[in-house]
Amino acid sequence: MSFRPSPALVNIALYGISLAALLLLMRWLEFRFMIHDHSTELYIGLIALMFTGLGIWLAVKLATPKVKEVVVERITYVETREIDVSQIEKTGLTKRD
């Protein structure tokens with residue numbers, strides 16, 4: 001059993017499709033004329049958006065601190081007398097004791 005639409009349903013569908021196509025054509029033409037009429041405002045808006053993006057990028061670049069990590073190794077030589085003194089100080093005694 002196959003579905004066969006009635007001729008009235010086909011006419012309604014074709015009428016709806018043609019109205020939708022005409023509506024899309026009218027909206028497209030309206031959009032084109034709107035762009036043509038307001039082209040100066042659109043160019044000014046695009047330039048404003050570009051400079052806004054440039055300002056945000058520059059602010060981020062300038063606001064982030066430039067941190068450079070430097071590792072410095074220092075070799076210290078501890079004399080045996082200093083080790084003895086530090087061990088004595090750990091026990092609570094001073095140099096005079």
# chains A, B, ... in the order shown; residues from 1 in each chain; ligands from 1
>>> select_by_dssp(residues="chain A", states="alpha helix (DSSP H)", output="PyMOL selection string")
chain A and resi 7-37+39-63+80-90
>>> atom_distance(atom1="CA of Gly16 (chain A)", atom2="CA of Glu30 (chain A)")
20.9 Å
>>> atom_distance(atom1="CA of Phe31 (chain A)", atom2="CA of Ile47 (chain A)")
20.8 Å
>>> atom_distance(atom1="CA of Ile56 (chain A)", atom2="CA of Ile44 (chain A)")
18.3 Å
